Amino acid sequence: MQNERKKDVVIVGGGAAGFFAAIQIATQNPTLDICILERGKEVLTKVKVSGGGRCNVTHAEFVPSELVKNYPRGEKELMGPFHHFCSGDTVDFFESRGVELKIEEDGRMFPVSDSSQTIIDCFLSESRKLGVEVHKNHTVKEIQKGEKSWDIETNHGRFRAEKLLIASGSNPKIWTMLNKLGHRIVSPVPSLFTFNIKDTRIKGLAGIAGPASVKLVSGSLSAEGPLLITHWGMSGPAILKLSAWGARTLNELNYKFEIKVNWLPSSTTENAIETLKETKEQHPKKLAHNIKPFEISKRLWNRLLQAAGISEQQRWADVSAGAIRTLASELTAGIYRVNGKSTFKEEFVTAGGIDLKEINFKSFESKKHKGLYFAGEVLNIDAITGGFNFQNAWTGAFIAARAIAEEV
């Protein structure tokens with residue numbers, strides 16, 4: 001056929017997983033002719049915006065059994081793969097190519113340069129050095145299985161390859177093509193999002209952050225970590241964790257639900273009542289608004305006092321037992337109504353993709369079709385924020401690459 005190009009390996013998707021796989025295949029088997037097909041005019045766009053433009057490449061969790069706990073979908077399946085390529089291997093990959101990484105207090109790992117361009121430049125330089133072809137503006141229109149090869153029809157002609165690796169992220173059109181090939185697609189829903197909340201208790205407090213535990217009122221979903229009050233509601237790791245673990249549940253609720261917030265995650269309501277009673281005994285003549293017995297923001301404390309009906313002029317001696325109980329409840333079990341969600345920064349993560357039962361996790365090859373491999377977010381795997389989604393991309397790409405390099 002006219003304009004048909006034969007390759008040993010075609011990779012669909014010029015993102016993190018696609019480039020990492022291409023580099024690994026070419027490194028392990030330099031004889032192979034590899035090309036990447038990217039539908040956009042630029043490659044590695046998600047890498048560019050990740051971590052606020054700094055690129056949170058992985059997380060400083062080097063034990064596979066602990067690392068998997070950060071994946072709401074994929075926890076069981078990634079245990080084996082992480083024993084073959086884990087966070088430490090990611091660090092080695094970059095540092096051996098001159099990209100030094102650093103660990104931040106919360107465990108997130110970034111290039112020392114604090115620029116995602118460092119990671120992009122590393123990938124582009126390596127792929128050029130290894131002779132990997134990169135075709136931008138190449139939209140895949142159809143994927144067909146031949147007798148011993150794969151035919152990939154694009155807007156710029158056809159590519160034929162013995163091995164096909166799909167690293168297209170959450171691309172609905174590619175999922176539809178894979179569905180036609182017999183793969184079950186778990187319908188995608190958003191993950192990692194912030195909560196829209198209009199509530200007088202937090203209005204005007206944007207920027208205030210502190211430790212908290214958050215629980216869905218109707219169910220057992222809960223999360224703990226820093227919580228950030230925003231102009232539109234609540235964000236921060238506690239909220240993002242809840243959104244990731246509850247991605248399907250919250251979608252079913254149409255993002256309208258109630259959460260219970262404990263601003264004192266190490267205390268119960270009863271503990272808080274005892275502390276407040278002691279404060280009343282110790283400071284009877286002091287204004288309640290001026291004496292704060294807990295490590296929370298002064299502005300938030302004042303707002304919760306108002307919610308409990310305690311005025312700015314009220315002394316501790318005049319605070320009733322009922323008001324103390326109400327205040328303790330506001331501190332440890334305040335109910336907030338969520339009405340909608342907002343995307344977390346520019347990073348859009350999806351829960352959904354190819355059913356994990358259809359993947360051989362020793363090779364990331366399809367159980368349905370020989371020579372068809374997957375890596376990254378095209379699979380029904382996603383993680384909480386902190387570099388874990390990239391680690392899934394690196395690990396899947398490495399294992400798929402190893403299998404492809406050995407087999408072709």
# chains A, B, ... in the order shown; residues from 1 in each chain; ligands from 1
>>> residues_around(residues="Ala321 in chain A", least_positions_apart="6", cutoff="10 Å", atoms="only C-alpha atoms", output="ChimeraX atom specification")
/A:273,276-277,327
>>> write_last_selection(atoms="C-alpha atoms", output="tab-separated table (two decimals), in the first residue's frame")
chain	number	residue	atom	x	y	z
A	273	ILE	CA	-15.05	18.83	75.09
A	276	LEU	CA	-12.59	23.18	76.22
A	277	LYS	CA	-13.90	22.59	79.77
A	327	LEU	CA	-17.98	24.05	69.46
>>> residues_around(residues="Arg108 in chain A", least_positions_apart="2", cutoff="10 Å", atoms="only C-alpha atoms", output="PDB file with N, CA and C atoms, in the first residue's frame")
ATOM      1  N   GLY A  51       3.156  19.151  38.474  1.00  0.00           N
ATOM      2  CA  GLY A  51       3.800  19.736  39.663  1.00  0.00           C
ATOM      3  C   GLY A  51       3.987  21.226  39.541  1.00  0.00           C
ATOM      4  N   CYS A  55       7.465  19.345  37.584  1.00  0.00           N
ATOM      5  CA  CYS A  55       7.456  17.911  37.280  1.00  0.00           C
ATOM      6  C   CYS A  55       7.812  17.026  38.478  1.00  0.00           C
ATOM      7  N   ASN A  56       6.774  16.559  39.139  1.00  0.00           N
ATOM      8  CA  ASN A  56       6.888  15.680  40.298  1.00  0.00           C
ATOM      9  C   ASN A  56       7.082  14.244  39.786  1.00  0.00           C
ATOM     10  N   VAL A  57       8.359  13.875  39.497  1.00  0.00           N
ATOM     11  CA  VAL A  57       8.636  12.635  38.754  1.00  0.00           C
ATOM     12  C   VAL A  57       8.324  11.341  39.497  1.00  0.00           C
ATOM     13  N   THR A  58       8.466  11.344  40.809  1.00  0.00           N
ATOM     14  CA  THR A  58       8.134  10.144  41.588  1.00  0.00           C
ATOM     15  C   THR A  58       8.002  10.545  43.052  1.00  0.00           C
ATOM     16  N   HIS A  59       7.904   9.534  43.926  1.00  0.00           N
ATOM     17  CA  HIS A  59       7.762   9.776  45.358  1.00  0.00           C
ATOM     18  C   HIS A  59       8.826   8.970  46.097  1.00  0.00           C
ATOM     19  N   ALA A  60       9.322   9.530  47.174  1.00  0.00           N
ATOM     20  CA  ALA A  60      10.384   8.857  47.947  1.00  0.00           C
ATOM     21  C   ALA A  60       9.801   7.754  48.832  1.00  0.00           C
ATOM     22  N   GLU A  61       9.122   6.823  48.181  1.00  0.00           N
ATOM     23  CA  GLU A  61       8.629   5.614  48.865  1.00  0.00           C
ATOM     24  C   GLU A  61       9.236   4.448  48.095  1.00  0.00           C
ATOM     25  N   LYS A 102      15.603  15.743  43.817  1.00  0.00           N
ATOM     26  CA  LYS A 102      15.622  16.094  45.244  1.00  0.00           C
ATOM     27  C   LYS A 102      14.305  15.645  45.875  1.00  0.00           C
ATOM     28  N   ILE A 103      14.351  15.390  47.180  1.00  0.00           N
ATOM     29  CA  ILE A 103      13.163  14.974  47.929  1.00  0.00           C
ATOM     30  C   ILE A 103      12.658  16.150  48.742  1.00  0.00           C
ATOM     31  N   GLU A 104      11.379  16.456  48.624  1.00  0.00           N
ATOM     32  CA  GLU A 104      10.784  17.521  49.443  1.00  0.00           C
ATOM     33  C   GLU A 104      10.229  16.911  50.729  1.00  0.00           C
ATOM     34  N   GLU A 105       9.846  17.774  51.659  1.00  0.00           N
ATOM     35  CA  GLU A 105       9.408  17.310  52.986  1.00  0.00           C
ATOM     36  C   GLU A 105       8.291  16.285  52.931  1.00  0.00           C
ATOM     37  N   ASP A 106       7.364  16.453  51.984  1.00  0.00           N
ATOM     38  CA  ASP A 106       6.216  15.541  51.906  1.00  0.00           C
ATOM     39  C   ASP A 106       6.514  14.281  51.097  1.00  0.00           C
ATOM     40  N   PHE A 110      11.417  15.973  42.787  1.00  0.00           N
ATOM     41  CA  PHE A 110      11.478  16.883  41.656  1.00  0.00           C
ATOM     42  C   PHE A 110      12.914  16.965  41.141  1.00  0.00           C
ATOM     43  N   THR A 385      -2.255  12.209  44.423  1.00  0.00           N
ATOM     44  CA  THR A 385      -1.221  13.163  43.996  1.00  0.00           C
ATOM     45  C   THR A 385       0.080  12.928  44.770  1.00  0.00           C
ATOM     46  N   GLY A 386       1.214  13.243  44.121  1.00  0.00           N
ATOM     47  CA  GLY A 386       2.494  13.098  44.805  1.00  0.00           C
ATOM     48  C   GLY A 386       3.563  12.408  43.991  1.00  0.00           C
ATOM     49  N   GLY A 387       3.361  12.259  42.668  1.00  0.00           N
ATOM     50  CA  GLY A 387       4.351  11.607  41.822  1.00  0.00           C
ATOM     51  C   GLY A 387       4.039  10.157  41.528  1.00  0.00           C
ATOM     52  N   PHE A 388       2.945   9.652  42.089  1.00  0.00           N
ATOM     53  CA  PHE A 388       2.611   8.228  41.949  1.00  0.00           C
ATOM     54  C   PHE A 388       2.103   7.871  40.558  1.00  0.00           C
TER      55      PHE A 388
END
>>> residues_around(residues="Val12 in chain A", least_positions_apart="3", cutoff="6 Å", atoms="only C-alpha atoms", output="VMD selection string")
chain A and resid 36 to 37 166 to 168
>>> select_by_dssp(residues="range 211-291 of chain A", states="strand (DSSP E)", output="list in words")
Pro211, Ala212, Ser213, Val214, Lys215, Leu216, Ser222, Ala223, Glu224, Gly225, Pro226, Leu227, Leu228, Ile229, Gly233, Met234, Ser235, Lys256, Phe257, Glu258, Ile259, Lys260, Val261 and Asn262 of chain A
>>> write_last_selection(atoms="N, CA and C atoms", output="compact mmCIF listing (two decimals), in the first residue's frame")
# COMPACT_ATOMS: atom_id res chain seq x y z
N PRO A 211 -3.78 20.39 59.29
CA PRO A 211 -4.09 18.96 59.26
C PRO A 211 -5.57 18.74 59.52
N ALA A 212 -6.14 17.75 58.87
CA ALA A 212 -7.56 17.44 59.06
C ALA A 212 -7.84 16.02 58.62
N SER A 213 -8.93 15.47 59.13
CA SER A 213 -9.43 14.22 58.56
C SER A 213 -10.81 14.52 58.00
N VAL A 214 -11.11 13.90 56.87
CA VAL A 214 -12.35 14.17 56.14
C VAL A 214 -13.04 12.85 55.88
N LYS A 215 -14.35 12.83 56.09
CA LYS A 215 -15.12 11.60 55.90
C LYS A 215 -16.39 11.91 55.12
N LEU A 216 -16.74 11.02 54.22
CA LEU A 216 -18.01 11.15 53.51
C LEU A 216 -19.11 10.78 54.50
N SER A 222 -12.93 7.83 53.77
CA SER A 222 -12.30 8.86 54.61
C SER A 222 -10.86 9.06 54.17
N ALA A 223 -10.29 10.20 54.53
CA ALA A 223 -8.90 10.50 54.21
C ALA A 223 -8.36 11.48 55.24
N GLU A 224 -7.04 11.49 55.37
CA GLU A 224 -6.41 12.40 56.34
C GLU A 224 -5.20 13.06 55.70
N GLY A 225 -4.91 14.29 56.13
CA GLY A 225 -3.76 15.01 55.59
C GLY A 225 -4.01 16.50 55.65
N PRO A 226 -3.10 17.30 55.12
CA PRO A 226 -3.33 18.75 55.10
C PRO A 226 -4.59 19.09 54.29
N LEU A 227 -5.36 20.03 54.81
CA LEU A 227 -6.56 20.51 54.11
C LEU A 227 -6.38 22.01 53.86
N LEU A 228 -6.65 22.43 52.64
CA LEU A 228 -6.48 23.83 52.26
C LEU A 228 -7.85 24.44 51.94
N ILE A 229 -8.17 25.57 52.58
CA ILE A 229 -9.39 26.30 52.24
C ILE A 229 -9.07 27.17 51.02
N GLY A 233 -13.80 26.56 47.87
CA GLY A 233 -14.17 25.49 48.80
C GLY A 233 -13.00 24.89 49.52
N MET A 234 -12.71 23.61 49.25
CA MET A 234 -11.62 22.92 49.94
C MET A 234 -10.77 22.12 48.97
N SER A 235 -9.46 22.10 49.27
CA SER A 235 -8.49 21.34 48.48
C SER A 235 -7.44 20.79 49.43
N LYS A 256 -22.53 15.87 44.52
CA LYS A 256 -23.35 16.57 45.52
C LYS A 256 -23.45 15.65 46.73
N PHE A 257 -22.78 16.02 47.82
CA PHE A 257 -22.72 15.16 48.99
C PHE A 257 -22.27 15.98 50.19
N GLU A 258 -22.24 15.33 51.36
CA GLU A 258 -21.78 16.01 52.57
C GLU A 258 -20.54 15.34 53.12
N ILE A 259 -19.63 16.17 53.63
CA ILE A 259 -18.43 15.63 54.28
C ILE A 259 -18.39 16.09 55.74
N LYS A 260 -17.76 15.26 56.55
CA LYS A 260 -17.56 15.60 57.96
C LYS A 260 -16.07 15.92 58.12
N VAL A 261 -15.77 17.12 58.61
CA VAL A 261 -14.38 17.56 58.73
C VAL A 261 -13.97 17.63 60.20
N ASN A 262 -12.86 16.98 60.50
CA ASN A 262 -12.26 17.06 61.84
C ASN A 262 -10.98 17.89 61.72
>>> residues_around(residues="Trp263 in chain A", least_positions_apart="2", cutoff="6 Å", atoms="only C-alpha atoms", output="mmCIF file with N, CA and C atoms, in the first residue's frame")
data_model
loop_
_atom_site.group_PDB
_atom_site.id
_atom_site.type_symbol
_atom_site.label_atom_id
_atom_site.label_comp_id
_atom_site.auth_asym_id
_atom_site.auth_seq_id
_atom_site.Cartn_x
_atom_site.Cartn_y
_atom_site.Cartn_z
ATOM 1 N N ALA A 212 -6.142 17.748 58.865
ATOM 2 C CA ALA A 212 -7.564 17.443 59.062
ATOM 3 C C ALA A 212 -7.840 16.019 58.615
ATOM 4 N N PRO A 265 -7.433 16.209 63.843
ATOM 5 C CA PRO A 265 -7.493 14.790 63.476
ATOM 6 C C PRO A 265 -7.059 13.805 64.553
ATOM 7 N N LEU A 331 -15.420 21.627 65.711
ATOM 8 C CA LEU A 331 -13.985 21.379 65.582
ATOM 9 C C LEU A 331 -13.669 19.983 65.062
ATOM 10 N N THR A 332 -14.467 19.002 65.458
ATOM 11 C CA THR A 332 -14.120 17.604 65.162
ATOM 12 C C THR A 332 -15.079 16.881 64.230
#
>>> closest_residue(among="A:Glu133, A:Gly210, A:Glu95, A:Arg39", to="Asp8 in chain A", atoms="only C-alpha atoms")
A:Glu133
